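Here is start28.tsv, consisting of TSV, C-alpha atoms:
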```tsv
chain	number	residue	atom	x	y	z
Q	2	MET	CA	-3.90	-19.36	-31.34
Q	3	LYS	CA	-5.90	-22.23	-29.87
Q	4	VAL	CA	-4.74	-21.36	-26.34
Q	5	GLU	CA	-5.85	-17.73	-26.72
Q	6	SER	CA	-9.30	-18.69	-28.05
Q	7	THR	CA	-9.72	-21.19	-25.22
Q	8	GLU	CA	-8.80	-18.48	-22.68
Q	9	LEU	CA	-11.34	-16.09	-24.18
Q	10	ARG	CA	-14.12	-18.68	-24.09
Q	11	LYS	CA	-13.23	-19.64	-20.51
Q	12	ALA	CA	-13.61	-15.98	-19.55
Q	13	GLY	CA	-17.02	-15.87	-21.22
Q	14	LEU	CA	-15.87	-13.66	-24.08
Q	15	LYS	CA	-16.60	-14.21	-27.74
Q	16	VAL	CA	-13.55	-14.89	-29.89
Q	17	THR	CA	-13.02	-11.83	-32.11
Q	18	HIS	CA	-10.06	-10.69	-34.18
Q	19	PRO	CA	-9.28	-7.65	-31.94
Q	20	ARG	CA	-9.45	-9.73	-28.74
Q	21	MET	CA	-7.23	-12.43	-30.23
Q	22	ARG	CA	-4.61	-9.97	-31.47
Q	23	ILE	CA	-4.51	-8.01	-28.20
Q	24	LEU	CA	-4.26	-11.21	-26.17
Q	25	GLU	CA	-1.39	-12.38	-28.39
Q	26	ILE	CA	0.49	-9.14	-27.72
Q	27	LEU	CA	-0.08	-9.34	-23.96
Q	28	ASP	CA	1.11	-12.95	-24.01
Q	29	SER	CA	4.13	-12.26	-26.24
Q	30	GLN	CA	6.49	-10.98	-23.54
Q	31	ASP	CA	6.21	-12.60	-20.14
Q	32	GLY	CA	6.45	-10.03	-17.37
Q	33	LYS	CA	6.11	-6.98	-19.63
Q	34	HIS	CA	3.63	-4.28	-18.74
Q	35	PHE	CA	1.89	-2.57	-21.65
Q	36	THR	CA	0.05	0.71	-21.88
Q	37	ALA	CA	-2.95	0.76	-24.21
Q	38	GLU	CA	-0.84	2.93	-26.51
Q	39	ASP	CA	1.97	0.31	-26.51
Q	40	ILE	CA	-0.53	-2.31	-27.65
Q	41	TYR	CA	-1.97	0.05	-30.27
Q	42	ARG	CA	1.52	0.78	-31.68
Q	43	GLU	CA	2.28	-2.94	-31.79
Q	44	LEU	CA	-0.97	-3.55	-33.69
Q	45	LEU	CA	-0.01	-0.82	-36.18
Q	46	ASP	CA	3.44	-2.43	-36.60
Q	47	ARG	CA	1.67	-5.71	-37.37
Q	48	HIS	CA	-0.60	-3.93	-39.88
Q	49	ASP	CA	-3.75	-4.67	-37.87
Q	50	ASP	CA	-6.57	-2.21	-38.42
Q	51	ILE	CA	-7.69	-2.00	-34.78
Q	52	GLY	CA	-8.33	1.44	-33.27
Q	53	LEU	CA	-7.13	2.79	-29.94
Q	54	ALA	CA	-10.72	2.98	-28.62
Q	55	THR	CA	-11.10	-0.75	-29.36
Q	56	VAL	CA	-7.85	-1.47	-27.51
Q	57	TYR	CA	-9.16	0.35	-24.42
Q	58	ARG	CA	-12.54	-1.40	-24.67
Q	59	VAL	CA	-10.94	-4.87	-24.98
Q	60	LEU	CA	-8.55	-4.20	-22.08
Q	61	THR	CA	-11.50	-3.16	-19.92
Q	62	GLN	CA	-13.32	-6.37	-20.89
Q	63	PHE	CA	-10.21	-8.46	-20.13
Q	64	GLU	CA	-9.86	-6.76	-16.74
Q	65	ALA	CA	-13.54	-7.36	-15.88
Q	66	ALA	CA	-13.14	-11.02	-16.90
Q	67	GLY	CA	-10.09	-11.41	-14.64
Q	68	MET	CA	-7.70	-12.01	-17.54
Q	69	VAL	CA	-5.53	-8.93	-17.06
Q	70	LEU	CA	-4.37	-6.82	-14.16
Q	71	LYS	CA	-4.42	-3.05	-14.47
Q	72	HIS	CA	-1.87	-1.01	-12.52
Q	73	ASN	CA	-1.97	2.73	-12.00
Q	74	PHE	CA	1.54	3.49	-10.83
Q	75	GLU	CA	2.12	7.03	-9.58
Q	76	GLY	CA	3.09	9.55	-12.20
Q	77	GLY	CA	2.40	7.28	-15.14
Q	78	GLN	CA	-0.22	5.83	-17.42
Q	79	ALA	CA	-2.18	2.72	-16.58
Q	80	VAL	CA	-0.31	-0.44	-17.55
Q	81	TYR	CA	-1.69	-3.91	-18.13
Q	82	GLU	CA	-0.30	-7.41	-17.72
Q	83	LEU	CA	-1.79	-10.86	-18.10
Q	84	ASP	CA	-2.95	-12.34	-14.81
Q	85	ARG	CA	-0.87	-15.49	-14.68
Q	86	GLY	CA	-2.14	-16.33	-11.19
Q	87	LYS	CA	1.23	-15.96	-9.44
Q	88	HIS	CA	1.57	-13.12	-6.92
Q	89	HIS	CA	4.42	-10.70	-7.45
Q	90	ASP	CA	5.32	-7.17	-6.48
Q	91	HIS	CA	6.68	-4.30	-8.55
Q	92	MET	CA	9.49	-1.78	-8.65
Q	93	VAL	CA	9.07	1.30	-10.83
Q	94	ASP	CA	12.18	3.13	-12.00
Q	95	ILE	CA	11.16	6.77	-11.49
Q	96	GLU	CA	13.65	7.98	-14.11
Q	97	SER	CA	12.73	5.65	-16.98
Q	98	GLY	CA	9.28	4.40	-15.98
Q	99	LYS	CA	10.49	0.80	-16.37
Q	100	VAL	CA	8.45	-1.70	-14.33
Q	101	ILE	CA	10.33	-4.60	-12.74
Q	102	GLU	CA	8.50	-7.58	-11.26
Q	103	PHE	CA	9.91	-9.39	-8.24
Q	104	SER	CA	8.89	-11.98	-5.67
Q	105	SER	CA	10.22	-12.31	-2.14
Q	106	GLU	CA	9.05	-14.95	0.31
Q	107	GLU	CA	10.72	-12.97	3.09
Q	108	ILE	CA	8.72	-9.81	2.32
Q	109	GLU	CA	5.51	-11.84	2.11
Q	110	ARG	CA	6.25	-13.47	5.48
Q	111	LEU	CA	6.99	-10.12	7.12
Q	112	GLN	CA	3.78	-8.59	5.81
Q	113	HIS	CA	1.73	-11.44	7.29
Q	114	GLU	CA	3.60	-11.17	10.61
Q	115	ILE	CA	2.96	-7.43	10.80
Q	116	ALA	CA	-0.76	-7.84	10.03
Q	117	GLU	CA	-1.05	-10.64	12.61
Q	118	LYS	CA	0.79	-8.56	15.24
Q	119	HIS	CA	-1.88	-5.88	14.81
Q	120	GLY	CA	-4.74	-8.40	14.90
Q	121	TYR	CA	-5.40	-8.64	11.17
Q	122	VAL	CA	-5.27	-11.15	8.36
Q	123	ILE	CA	-4.18	-9.98	4.91
Q	124	GLU	CA	-6.90	-10.48	2.31
Q	125	ASP	CA	-4.99	-8.92	-0.56
Q	126	HIS	CA	-2.13	-6.50	-1.02
Q	127	SER	CA	-0.05	-4.65	-3.53
Q	128	LEU	CA	3.54	-3.57	-3.00
Q	129	VAL	CA	5.16	-1.03	-5.31
Q	130	LEU	CA	8.66	0.29	-4.72
Q	131	TYR	CA	9.57	3.50	-6.52
Q	132	VAL	CA	13.29	3.30	-7.25
Q	133	ARG	CA	16.07	5.04	-9.10
Q	134	PRO	CA	19.36	3.53	-10.27
Q	135	ALA	CA	22.02	3.51	-7.55
Q	136	LYS	CA	24.84	5.95	-8.13
Q	137	ARG	CA	28.08	4.14	-8.90
Q	138	LYS	CA	31.15	5.13	-6.92
```
What would you get if you wrote out this structure as structure tokens?
Amino acid sequence: MKVESTELRKAGLKVTHPRMRILEILDSQDGKHFTAEDIYRELLDRHDDIGLATVYRVLTQFEAAGMVLKHNFEGGQAVYELDRGKHHDHMVDIESGKVIEFSSEEIERLQHEIAEKHGYVIEDHSLVLYVRPAKRK
């Protein structure tokens, strides 16, 4: 609990029950991406009386404060993850909607080489691969 309240204060946000509970959920599963509805259902399961509108409002505040990243993957709802400061890319299973995080130094190197070859420097980027399970033979 102390870590979450420290993070909220560092981001310039007042420590409130809804913010604490939502931050706990986001922090509960490293690498998991949550929709606002996922968080709302988890709050209901925990018997927290926090409405869906509050969940959306808090997520927007967290995003503005740089605490969470919001992703709008094609064909799906917005998903949120804690910004842990480490760059990673994503694969989205187009059949299940499952989001898989991955890191590849080789892909990062190639992206920088390609930008440099064309006279550019990468300031920021996002890589999303839309995948489906390979058919087994």
Just how far from atom CA of Leu130 of chain Q is atom CA of Val80 of chain Q, in Å to one decimal?
->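 Going from atom CA of Val80 of chain Q over to atom CA of Leu130 of chain Q, I get 15.7 Å.
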Near segment 24-32 of chain Q, 10 Å: segment 47-67 of chain Q residue rows, closest pairs, all atoms listed in the file, as CSV:
```
residue,atom,partner,partner_atom,distance
Q:Val59,CA,Q:Leu24,CA,9.3
Q:Leu60,CA,Q:Leu24,CA,9.2
Q:Phe63,CA,Q:Leu24,CA,8.9
```
Å distance separating atom CA of Asp94 of chain Q from atom CA of Val69 of chain Q, one decimal place =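 Taking atom CA of Asp94 of chain Q and atom CA of Val69 of chain Q, their separation equals 22.0 Å.
Excluding Ser6 of chain Q itself and same-chain residues fewer than 4 positions from it, the residues having an atom within 10 Å of it are Met2, Arg10, Lys11, Ala12, Leu14, Lys15, Val16, Thr17, Arg20, Met21 and Leu24 of chain Q, counting all atoms listed in the file.
Excluding Gly86 of chain Q itself and any same-chain residue fewer than 4 positions from it, the protein and nucleic acid residues within 12 Å of it, counting all atoms listed in the file, are Gly67, Met68, Val69, Leu70 and Glu82 of chain Q.
Going from atom CA of Asp46 of chain Q over to atom CA of Arg22 of chain Q, you cover 12.2 Å.
By chain and then residue number, the residues within 10 Å of His126 of chain Q are His88, Asp90, Glu109 and Gln112 of chain Q, counting all atoms listed in the file and disregarding those fewer than 4 positions away in sequence.
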Which centre and which edge lengths, in Å to one decimal, describe the axis-aligned box that holds all listed atoms of segment 58-77 of chain Q after 8 Å is added on each side, as lines of an AutoDock Vina configuration file?
```
center_x = -5.2
center_y = -1.2
center_z = -17.3
size_x = 32.6
size_y = 37.6
size_z = 31.4
```
